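Listing of protein-v7.cif, mmCIF, C-alpha atoms and all ligand atoms
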```
data_run
loop_
_atom_site.label_atom_id
_atom_site.label_comp_id
_atom_site.auth_asym_id
_atom_site.auth_seq_id
_atom_site.Cartn_x
_atom_site.Cartn_y
_atom_site.Cartn_z
CA MET G 1112 94.95 103.43 68.29
CA ALA G 1113 93.82 106.44 70.28
CA LEU G 1114 90.80 106.76 68.05
CA ASN G 1115 89.63 103.30 69.00
CA ASP G 1116 90.03 103.66 72.75
CA LYS G 1117 87.20 102.10 74.66
CA TYR G 1118 86.65 102.04 78.41
CA SER G 1119 85.18 99.02 80.16
CA ILE G 1120 83.95 99.90 83.61
CA LEU G 1121 83.85 96.96 86.00
CA LEU G 1122 81.23 97.30 88.69
CA PRO G 1123 81.18 94.48 91.24
CA THR G 1124 78.06 94.53 93.39
CA TYR G 1125 76.89 92.77 96.47
CA ASN G 1126 73.68 94.07 98.02
CA GLU G 1127 73.80 97.45 96.32
CA ILE G 1128 70.14 97.76 95.33
CA GLU G 1129 69.86 101.39 96.47
CA ASN G 1130 73.21 102.44 95.05
CA LEU G 1131 73.25 100.67 91.70
CA PRO G 1132 70.60 102.76 89.87
CA ILE G 1133 72.22 105.98 91.06
CA ILE G 1134 75.78 104.99 90.15
CA ILE G 1135 74.65 103.80 86.71
CA TRP G 1136 72.73 107.02 86.13
CA LEU G 1137 75.81 109.05 87.09
CA LEU G 1138 78.11 106.89 84.98
CA VAL G 1139 75.92 107.19 81.90
CA LYS G 1140 75.62 110.94 82.43
CA HIS G 1141 79.35 111.53 82.69
CA MET G 1142 80.47 109.00 80.12
CA ASP G 1143 77.97 110.20 77.52
CA ALA G 1144 79.15 113.76 78.12
CA SER G 1145 82.80 112.73 77.74
CA GLU G 1146 82.04 111.07 74.39
CA TYR G 1147 84.48 108.24 75.05
CA PRO G 1148 83.15 104.84 73.98
CA TYR G 1149 82.38 102.74 77.05
CA GLU G 1150 80.53 99.79 78.53
CA ILE G 1151 79.58 99.04 82.12
CA ILE G 1152 80.01 95.45 83.22
CA ILE G 1153 78.02 94.62 86.34
CA ILE G 1154 79.24 91.58 88.25
CA ASP G 1155 76.64 90.73 90.84
CA ASP G 1156 77.32 87.86 93.20
CA GLY G 1157 73.80 86.60 93.84
CA SER G 1158 72.85 89.51 96.09
CA PRO G 1159 69.82 88.51 98.17
CA ASP G 1160 68.46 92.08 98.03
CA GLY G 1161 67.60 91.90 94.31
CA THR G 1162 70.46 93.96 92.90
CA LEU G 1163 70.42 91.82 89.77
CA GLU G 1164 66.77 92.62 89.01
CA ALA G 1165 67.58 96.30 89.33
CA ALA G 1166 70.51 95.77 86.96
CA GLU G 1167 68.21 94.08 84.46
CA GLN G 1168 65.84 97.04 84.56
CA LEU G 1169 68.76 99.40 83.96
CA GLN G 1170 69.88 97.30 81.04
CA GLN G 1171 66.38 97.66 79.56
CA ILE G 1172 66.60 101.43 79.91
CA TYR G 1173 70.15 102.05 78.71
CA GLY G 1174 70.69 99.19 76.30
CA LYS G 1175 72.69 95.98 76.15
CA ASP G 1176 75.71 97.62 74.53
CA LYS G 1177 76.19 99.95 77.49
CA ILE G 1178 75.08 97.75 80.37
CA VAL G 1179 76.53 94.25 80.35
CA LEU G 1180 75.43 91.77 83.03
CA ARG G 1181 77.82 89.04 84.10
CA PRO G 1182 76.37 87.74 87.36
CA ARG G 1183 77.70 84.83 89.38
CA GLU G 1184 75.77 82.40 91.51
CA LYS G 1185 77.14 83.30 94.91
CA LYS G 1186 79.46 85.65 96.77
CA LEU G 1187 82.95 84.76 95.63
CA GLY G 1188 84.84 87.89 96.60
CA LEU G 1189 86.01 91.06 94.94
CA GLY G 1190 89.28 89.84 93.43
CA THR G 1191 87.69 87.05 91.43
CA ALA G 1192 84.86 89.40 90.45
CA TYR G 1193 87.40 91.52 88.56
CA ILE G 1194 88.93 88.46 86.88
CA HIS G 1195 85.45 87.35 85.88
CA GLY G 1196 84.56 90.80 84.53
CA ILE G 1197 87.73 91.31 82.48
CA LYS G 1198 87.01 88.17 80.51
CA TYR G 1199 84.03 89.90 78.93
CA ALA G 1200 85.53 93.38 78.60
CA THR G 1201 85.75 94.63 75.03
CA GLY G 1202 87.59 97.89 75.82
CA ASN G 1203 91.35 98.37 75.76
CA PHE G 1204 91.12 100.23 79.06
CA ILE G 1205 89.52 98.95 82.25
CA ILE G 1206 88.16 101.14 85.00
CA ILE G 1207 87.47 99.54 88.34
CA MET G 1208 85.36 101.26 90.94
CA ASP G 1209 83.02 100.53 93.82
CA ALA G 1210 79.29 100.66 93.23
CA ASP G 1211 78.52 102.19 96.62
CA LEU G 1212 78.80 105.86 95.49
CA SER G 1213 82.11 106.32 97.28
CA HIS G 1214 83.76 106.70 93.89
CA HIS G 1215 82.19 109.45 91.83
CA PRO G 1216 82.06 108.97 88.04
CA LYS G 1217 82.88 112.65 87.51
CA PHE G 1218 86.54 111.81 88.10
CA ILE G 1219 86.77 109.36 85.21
CA LYS G 1220 87.34 112.16 82.74
CA GLU G 1221 90.39 113.26 84.74
CA PHE G 1222 91.62 109.67 84.91
CA VAL G 1223 91.44 109.44 81.13
CA GLN G 1224 93.10 112.81 80.58
CA THR G 1225 95.88 111.96 83.01
CA GLN G 1226 96.40 108.59 81.35
CA LYS G 1227 96.63 110.21 77.92
CA SER G 1228 98.99 112.96 79.10
CA ARG G 1229 101.88 110.54 79.68
CA ASN G 1230 100.54 107.29 78.33
CA TYR G 1231 100.43 105.87 81.87
CA ASP G 1232 99.85 102.15 82.31
CA ILE G 1233 97.76 102.79 85.41
CA VAL G 1234 96.00 105.82 86.87
CA THR G 1235 94.90 105.58 90.47
CA GLY G 1236 92.61 107.80 92.51
CA THR G 1237 94.12 109.20 95.67
CA ARG G 1238 92.45 110.46 98.81
CA TYR G 1239 95.68 111.58 100.36
CA ILE G 1240 97.06 114.40 98.22
CA GLY G 1241 95.95 117.69 96.67
CA SER G 1242 92.22 118.19 96.55
CA GLY G 1243 91.65 114.54 97.51
CA GLY G 1244 89.87 113.69 100.74
CA VAL G 1245 87.19 111.75 102.52
CA HIS G 1246 83.72 112.51 103.78
CA GLY G 1247 82.04 110.89 106.75
CA TRP G 1248 85.13 109.66 108.57
CA ASP G 1249 85.57 110.35 112.26
CA PHE G 1250 88.86 111.12 114.00
CA LYS G 1251 89.60 107.49 114.75
CA ARG G 1252 89.11 106.30 111.20
CA LYS G 1253 91.22 109.14 109.83
CA LEU G 1254 93.94 108.34 112.35
CA VAL G 1255 93.99 104.66 111.46
CA SER G 1256 94.00 105.48 107.76
CA ARG G 1257 96.77 108.07 107.96
CA SER G 1258 98.93 105.91 110.22
CA ALA G 1259 98.56 102.87 108.02
CA ASN G 1260 99.41 104.99 105.01
CA LEU G 1261 102.54 106.48 106.58
CA LEU G 1262 103.74 103.07 107.72
CA THR G 1263 103.25 101.74 104.20
CA GLN G 1264 105.11 104.69 102.71
CA ILE G 1265 108.05 104.14 105.05
CA LEU G 1266 108.29 100.39 104.61
CA LEU G 1267 107.50 99.99 100.92
CA ARG G 1268 108.34 103.38 99.35
CA PRO G 1269 105.83 102.72 96.58
CA GLY G 1270 105.94 106.16 94.95
CA VAL G 1271 102.14 106.24 95.02
CA SER G 1272 100.20 108.04 97.74
CA ASP G 1273 97.08 105.85 97.98
CA LEU G 1274 97.61 102.10 97.89
CA THR G 1275 94.37 100.81 99.32
CA GLY G 1276 91.99 102.78 97.13
CA SER G 1277 90.12 100.87 94.47
CA PHE G 1278 89.19 103.55 91.95
CA ARG G 1279 91.61 102.96 89.11
CA LEU G 1280 92.12 102.89 85.37
CA TYR G 1281 94.32 100.20 83.82
CA LYS G 1282 95.44 99.28 80.36
CA LYS G 1283 93.68 95.99 79.84
CA ASP G 1284 96.78 93.84 79.24
CA VAL G 1285 98.48 95.42 82.26
CA LEU G 1286 95.57 94.57 84.50
CA GLU G 1287 95.44 91.02 83.20
CA LYS G 1288 99.10 90.49 83.89
CA LEU G 1289 98.89 92.05 87.36
CA ILE G 1290 95.88 90.02 88.40
CA LYS G 1291 97.70 86.83 87.47
CA SER G 1292 100.69 87.73 89.62
CA CYS G 1293 98.80 88.88 92.70
CA ILE G 1294 97.82 86.36 95.32
CA SER G 1295 96.34 88.53 98.08
CA LYS G 1296 92.66 88.66 98.81
CA GLY G 1297 90.33 91.46 99.77
CA TYR G 1298 91.76 94.68 101.03
CA VAL G 1299 95.40 93.80 100.47
CA PHE G 1300 94.74 92.93 96.83
CA GLN G 1301 94.62 96.61 95.78
CA MET G 1302 97.89 97.25 97.56
CA GLU G 1303 99.64 94.28 96.00
CA MET G 1304 98.48 95.32 92.53
CA ILE G 1305 100.23 98.67 92.81
CA ILE G 1306 103.39 97.27 94.38
CA ARG G 1307 103.69 94.55 91.73
CA ALA G 1308 103.02 97.17 89.06
CA ARG G 1309 106.05 99.09 90.31
CA GLU G 1310 108.10 95.88 90.27
CA PHE G 1311 107.19 95.31 86.63
CA GLY G 1312 108.14 98.90 85.86
CA TYR G 1313 104.66 100.07 84.88
CA THR G 1314 104.05 103.80 85.04
CA ILE G 1315 101.42 105.08 87.44
CA GLY G 1316 99.60 108.43 87.44
CA GLU G 1317 97.48 109.83 90.25
CA VAL G 1318 94.25 111.82 90.37
CA PRO G 1319 92.98 113.32 93.65
CA ILE G 1320 89.46 112.12 94.43
CA SER G 1321 86.89 112.92 97.08
CA PHE G 1322 85.74 109.73 98.73
CA VAL G 1323 82.26 109.95 100.19
CA ASP G 1324 81.53 107.17 102.65
CA ARG G 1325 78.65 104.96 101.57
CA VAL G 1326 75.25 106.55 102.11
CA TYR G 1327 73.21 103.36 101.72
CA GLY G 1328 73.96 99.88 102.92
CA GLN G 1329 76.29 98.38 105.41
CA SER G 1330 79.90 99.47 105.85
CA LYS G 1331 82.23 96.64 106.66
CA LEU G 1332 85.30 98.21 108.26
CA THR G 1333 86.10 95.86 111.10
CA GLY G 1334 88.97 95.13 113.44
CA SER G 1335 89.94 92.14 111.35
CA GLU G 1336 90.59 94.49 108.42
CA ILE G 1337 93.39 96.10 110.38
CA PHE G 1338 95.00 92.71 110.93
CA GLN G 1339 94.52 91.84 107.29
CA PHE G 1340 96.24 95.07 106.36
CA ALA G 1341 99.17 94.47 108.72
CA GLY G 1342 99.60 90.95 107.42
CA GLY G 1343 99.52 92.14 103.83
CA LEU G 1344 102.01 94.88 104.53
CA LEU G 1345 104.47 92.44 106.08
CA TYR G 1346 103.97 90.01 103.23
CA LEU G 1347 104.79 92.69 100.65
CA PHE G 1348 107.66 93.98 102.79
CA ALA G 1349 109.27 90.56 102.82
CA THR G 1350 108.58 89.53 99.23
CA THR G 1351 108.92 92.59 97.01
CA MET O 853 116.58 92.71 96.94
CA THR O 854 113.32 92.82 98.86
CA LYS O 855 112.40 95.76 101.06
CA LEU O 856 113.07 93.54 104.08
CA THR O 857 116.64 92.77 103.03
CA GLU O 858 117.21 96.44 102.21
CA TRP O 859 116.22 97.34 105.74
CA LEU O 860 118.31 94.59 107.31
CA PHE O 861 121.27 95.63 105.20
CA ALA O 862 121.03 99.30 106.18
CA ALA O 863 120.41 98.44 109.84
CA GLY O 864 123.39 96.07 109.79
CA ILE O 865 125.71 98.79 108.53
CA LEU O 866 124.49 101.31 111.11
CA ILE O 867 124.79 98.84 113.97
CA ALA O 868 128.30 97.81 112.89
CA LEU O 869 129.36 101.45 112.73
CA TRP O 870 127.83 102.21 116.11
CA PHE O 871 129.43 99.16 117.70
CA SER O 872 132.89 99.81 116.34
CA LEU O 873 132.78 103.39 117.55
CA LEU O 874 131.60 102.19 120.94
CA THR O 875 134.36 99.62 121.32
CA ASN O 876 137.02 101.99 120.05
CA LYS O 877 137.71 99.97 116.94
CA ILE O 878 137.59 103.35 115.30
CA THR O 879 139.05 105.98 117.57
CA ASN O 880 137.82 109.48 117.43
CA ASN O 881 138.06 112.36 119.94
CA LEU O 882 134.45 113.36 119.51
CA VAL O 883 133.41 109.85 120.50
CA THR O 884 135.53 109.58 123.63
CA ASN O 885 134.17 112.92 124.84
CA HIS O 886 130.53 112.03 124.24
CA TYR O 887 130.51 108.36 125.09
CA ASN O 888 127.06 108.33 126.73
CA LEU O 889 125.48 110.20 123.90
CA LEU O 890 126.87 107.63 121.50
CA LEU O 891 125.75 104.77 123.70
CA TYR O 892 122.16 105.95 123.74
CA SER O 893 122.07 107.34 120.23
CA PRO O 894 120.01 104.49 118.72
CA ILE O 895 117.29 104.99 121.34
CA ILE O 896 117.42 108.75 120.91
CA PHE O 897 117.21 108.36 117.19
CA LEU O 898 114.24 106.00 117.37
CA GLY O 899 112.48 108.30 119.84
CA LEU O 900 112.93 111.32 117.61
CA PHE O 901 111.78 109.37 114.60
CA GLY O 902 108.67 108.22 116.44
CA LEU O 903 107.91 111.75 117.57
CA PHE O 904 108.33 113.05 114.06
CA ALA O 905 106.04 110.35 112.69
CA LEU O 906 103.42 111.09 115.35
CA ILE O 907 103.43 114.80 114.58
CA LEU O 908 103.25 114.12 110.87
CA VAL O 909 100.29 111.75 111.26
CA LEU O 910 98.39 114.16 113.49
CA TYR O 911 99.06 117.00 111.09
CA ARG O 912 97.74 114.90 108.23
CA VAL O 913 94.67 113.85 110.19
CA TYR O 914 93.79 117.47 110.94
CA THR O 915 94.40 118.61 107.38
CA PHE O 916 92.50 115.68 105.85
CA ASN O 917 89.95 117.27 103.45
CA ASP O 918 86.40 116.64 104.59
CA CYS O 919 84.81 116.98 101.14
CA ASP O 920 81.53 118.36 102.52
CA GLU O 921 80.68 119.89 99.16
CA ALA O 922 81.15 116.59 97.37
CA ALA O 923 78.76 114.96 99.83
CA GLU O 924 76.13 117.70 99.39
CA GLU O 925 76.45 117.53 95.63
CA LEU O 926 75.98 113.78 95.75
CA GLN O 927 72.78 114.17 97.79
CA LYS O 928 71.38 116.48 95.12
CA GLU O 929 72.44 114.11 92.35
CA ILE O 930 70.72 111.21 94.10
CA ILE O 931 67.45 113.12 93.99
CA GLN O 932 67.97 114.06 90.32
CA ALA O 933 68.83 110.48 89.45
CA ARG O 934 65.73 109.13 91.18
CA THR O 935 63.44 111.57 89.41
CA ASP O 936 65.01 110.92 86.04
CA LEU O 937 65.01 107.14 86.50
CA ASN O 938 61.36 107.21 87.48
CA ARG O 939 60.66 109.10 84.27
CA LEU O 940 62.57 106.45 82.32
CA GLY O 941 60.38 103.77 83.85
CA PHE O 942 62.71 102.36 86.48
CA LYS O 943 60.84 100.74 89.39
CA PHE O 944 62.54 101.40 92.70
CA LYS O 945 62.05 98.62 95.17
CA MET O 946 60.81 100.84 97.99
N1 LIG Q 1 80.64 90.82 93.01
C1 LIG Q 1 81.03 91.09 94.26
N2 LIG Q 1 81.09 92.38 94.67
C2 LIG Q 1 81.48 92.63 95.94
C3 LIG Q 1 81.84 91.61 96.84
N3 LIG Q 1 82.18 92.20 98.02
C4 LIG Q 1 82.05 93.52 97.85
N4 LIG Q 1 81.61 93.80 96.61
C5 LIG Q 1 81.38 95.12 95.99
O1 LIG Q 1 82.65 95.74 95.91
C6 LIG Q 1 82.57 97.13 96.17
C7 LIG Q 1 83.41 97.50 97.38
O2 LIG Q 1 82.92 96.86 98.52
P1 LIG Q 1 82.61 97.64 99.87
O3 LIG Q 1 81.74 96.77 100.69
O4 LIG Q 1 82.11 99.01 99.56
O5 LIG Q 1 84.01 97.67 100.53
P2 LIG Q 1 84.75 98.89 101.19
O6 LIG Q 1 84.61 100.08 100.29
O7 LIG Q 1 86.09 98.43 101.55
O8 LIG Q 1 83.95 99.11 102.53
P3 LIG Q 1 82.66 100.00 102.88
O9 LIG Q 1 82.31 100.89 101.72
O10 LIG Q 1 83.03 100.75 104.10
O11 LIG Q 1 81.57 99.00 103.12
C8 LIG Q 1 81.08 97.42 96.33
O12 LIG Q 1 80.59 97.83 95.09
C9 LIG Q 1 80.50 96.07 96.75
O13 LIG Q 1 79.16 95.93 96.38
C10 LIG Q 1 81.76 90.25 96.37
O14 LIG Q 1 82.05 89.30 97.08
N5 LIG Q 1 81.37 90.05 95.08
MG MG Q 2 82.93 101.14 99.83
#
```
Will you turn the file into structure tokens for me?
Amino acid sequence: MALNDKYSILLPTYNEIENLPIIIWLLVKHMDASEYPYEIIIIDDGSPDGTLEAAEQLQQIYGKDKIVLRPREKKLGLGTAYIHGIKYATGNFIIIMDADLSHHPKFIKEFVQTQKSRNYDIVTGTRYIGSGGVHGWDFKRKLVSRSANLLTQILLRPGVSDLTGSFRLYKKDVLEKLIKSCISKGYVFQMEMIIRAREFGYTIGEVPISFVDRVYGQSKLTGSEIFQFAGGLLYLFATT
Amino acid sequence: MTKLTEWLFAAGILIALWFSLLTNKITNNLVTNHYNLLLYSPIIFLGLFGLFALILVLYRVYTFNDCDEAAEELQKEIIQARTDLNRLGFKFKM
């Protein structure tokens, strides 16, 4: 089994033309060095900036076995992008990460090692403990983030320090089952996945990560995200 | 049991205990001597809890790692990646 482990990296993109070549270059660099078999599945949702053309160029350079393109016609959201991507994944492990350079591929090796150490079902990156952290956040954003996190810890006692992060490694069947049982959208989706995972009794490991705020492109943290988060928290509080 | 029912359950027990002490259903010398303290104890407790949470959050905000090195390293890697990709024939849009 262990000898045949393969890692499918799901990379959803929407208007990431500057970031995509860099993240792919970094991924190839670190994954080749790690010697684990892998594939990168790019799910582009009809980005108007030409992300898909950039992806096609990268596929030419690195080969069709490493770079798999599974685009969709239009922007259908992050949650369904993962569902779409998994369908084509040939690995027994799935890694999900953002394409905006906030999640550095250098941590994947630690994810894999942590997973192997205790045969975890899920390994999640965490910004909140150990050497984990964030770059480019001002006082207000840190305050909001830390408060939201403490409130979540008190109300849900999840046993995991970072619930809203989206840099994770899953066993493929675990991810498939979780996605089917999660109904939240957007931001709250990541949180629900971890909470449901706990409900099902899956084991979860953590790896501290440094999160560097996106260098290129638009950041979308808005007031409505805070309301979304509060709503999601209450929903999970009342149903799990 | 959902987290909500757990909380309601625990709160129910505490409130019942508080109320029965207050109305002398359970008599106790300590209580009769410190009646006001008992009366306001839920508010005091909530206040202290809030204060503790506030201090904890502020402490965590100030000790939040800034990861400046990671950001610098990334900047260097972006330059490396661009050079290498150019060499491999990648056409950047701009
Ligand atoms: N395929 C697809 N990808 C998406 C969609 N929305 C966002 N993404 C991608 O999902 C990842 C995370 O989205 P972000 O916009 O970075 O969301 P965030 O990290 O919460 O917010 P910021 O980084 O602050 O903008 C990025 O790689 C996006 O390109 C979508 O509707 N479809
Ligand atoms: Mg991002």
Residues within 8 Å of ligand MG 2 (chain Q) (all atoms listed in the file), as a list in words?
Asp1209, Ala1210, Asp1211, Leu1212, Ser1213, Asp1324, Arg1325 and Ser1330 of chain G
Taking only C-alpha atoms into account and nothing else, which residues of chain G lie no more than 6 Å away from chain O? Please answer as a PyMOL selection string.
chain G and resi 1133+1244-1246+1253-1254+1348-1351
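The gap separating atom CA of G:Pro1182 from atom CA of G:Asp1155 is 4.6 Å, in Å to one decimal.
With only C-alpha atoms and all ligand atoms as the atoms that count, the residue of G:Gly1241, G:Gly1328, G:Gly1174, G:Gly1316 with the shortest distance to ligand LIG 1 (chain Q) is G:Gly1328.
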Using 6 Å of padding on each side, determine the axis-aligned box around all atoms of ligand LIG 1 (chain Q) present in the file and give its centre and edge lengths in Å to one decimal, as JSON.
```
{"center_x": 82.6, "center_y": 95.1, "center_z": 98.6, "size_x": 18.9, "size_y": 23.6, "size_z": 23.1}
```
Which residue out of G:Lys1198, G:Lys1227, G:Arg1252, G:Arg1309 has the minimum interatomic distance to ligand LIG 1 (chain Q) when all atoms listed in the file are used?
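Of G:Lys1198, G:Lys1227, G:Arg1252, G:Arg1309, the one nearest ligand LIG 1 (chain Q) is G:Arg1252, counting all atoms listed in the file.
Candidate residues G:Ile1337, G:Ile1305, G:Ile1172, G:Ile1315 were compared for distance to ligand LIG 1 (chain Q), and the nearest is G:Ile1337, using only C-alpha atoms and all ligand atoms.
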Minimum-distance residue to G:Ser1292, chosen among G:Tyr1231, G:Phe1278, G:Phe1311, G:Tyr1173 (using all atoms listed in the file):
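Closest to G:Ser1292, using all atoms listed in the file: G:Phe1311.
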Got a sec to check which residues lie within 9 Å of ligand LIG 1 (chain Q), using only C-alpha atoms and all ligand atoms, and send them as number ranges by chain?
G: 1122-1127, 1130-1131, 1153-1158, 1182-1183, 1185-1193, 1208-1213, 1275-1277, 1297-1298, 1324-1325, 1328-1332
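If you look at atom CA of O:Lys928 and atom CA of G:Val1234, they are 28.1 Å away from each other.
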Starting from the sparse input, extend stretch 1202-1213 of chain G to N, CA and C atoms and give the output as a PDB file, in the coordinates of the input.
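The resulting out.pdb:
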```pdb
ATOM      1  N   GLY G1202      86.785  96.670  75.913  1.00  0.00           N
ATOM      2  CA  GLY G1202      87.590  97.890  75.820  1.00  0.00           C
ATOM      3  C   GLY G1202      89.072  97.582  75.947  1.00  0.00           C
ATOM      4  N   ASN G1203      89.913  98.537  75.543  1.00  0.00           N
ATOM      5  CA  ASN G1203      91.350  98.370  75.760  1.00  0.00           C
ATOM      6  C   ASN G1203      91.794  99.009  77.075  1.00  0.00           C
ATOM      7  N   PHE G1204      90.870  99.723  77.712  1.00  0.00           N
ATOM      8  CA  PHE G1204      91.120 100.230  79.060  1.00  0.00           C
ATOM      9  C   PHE G1204      90.047  99.712  80.005  1.00  0.00           C
ATOM     10  N   ILE G1205      90.467  99.426  81.245  1.00  0.00           N
ATOM     11  CA  ILE G1205      89.520  98.950  82.250  1.00  0.00           C
ATOM     12  C   ILE G1205      89.492  99.952  83.402  1.00  0.00           C
ATOM     13  N   ILE G1206      88.293 100.292  83.811  1.00  0.00           N
ATOM     14  CA  ILE G1206      88.160 101.140  85.000  1.00  0.00           C
ATOM     15  C   ILE G1206      87.503 100.300  86.079  1.00  0.00           C
ATOM     16  N   ILE G1207      88.129 100.251  87.243  1.00  0.00           N
ATOM     17  CA  ILE G1207      87.470  99.540  88.340  1.00  0.00           C
ATOM     18  C   ILE G1207      87.043 100.550  89.394  1.00  0.00           C
ATOM     19  N   MET G1208      85.867 100.366  89.901  1.00  0.00           N
ATOM     20  CA  MET G1208      85.360 101.260  90.940  1.00  0.00           C
ATOM     21  C   MET G1208      84.311 100.554  91.777  1.00  0.00           C
ATOM     22  N   ASP G1209      84.054 101.102  92.968  1.00  0.00           N
ATOM     23  CA  ASP G1209      83.020 100.530  93.820  1.00  0.00           C
ATOM     24  C   ASP G1209      81.663 101.055  93.378  1.00  0.00           C
ATOM     25  N   ALA G1210      80.637 100.269  93.633  1.00  0.00           N
ATOM     26  CA  ALA G1210      79.290 100.660  93.230  1.00  0.00           C
ATOM     27  C   ALA G1210      78.567 101.413  94.339  1.00  0.00           C
ATOM     28  N   ASP G1211      79.242 101.670  95.453  1.00  0.00           N
ATOM     29  CA  ASP G1211      78.520 102.190  96.620  1.00  0.00           C
ATOM     30  C   ASP G1211      78.500 103.722  96.703  1.00  0.00           C
ATOM     31  N   LEU G1212      78.803 104.395  95.587  1.00  0.00           N
ATOM     32  CA  LEU G1212      78.800 105.860  95.490  1.00  0.00           C
ATOM     33  C   LEU G1212      79.974 106.522  96.200  1.00  0.00           C
ATOM     34  N   SER G1213      80.903 105.731  96.696  1.00  0.00           N
ATOM     35  CA  SER G1213      82.110 106.320  97.280  1.00  0.00           C
ATOM     36  C   SER G1213      83.015 106.874  96.191  1.00  0.00           C
TER      37      SER G1213
END
```
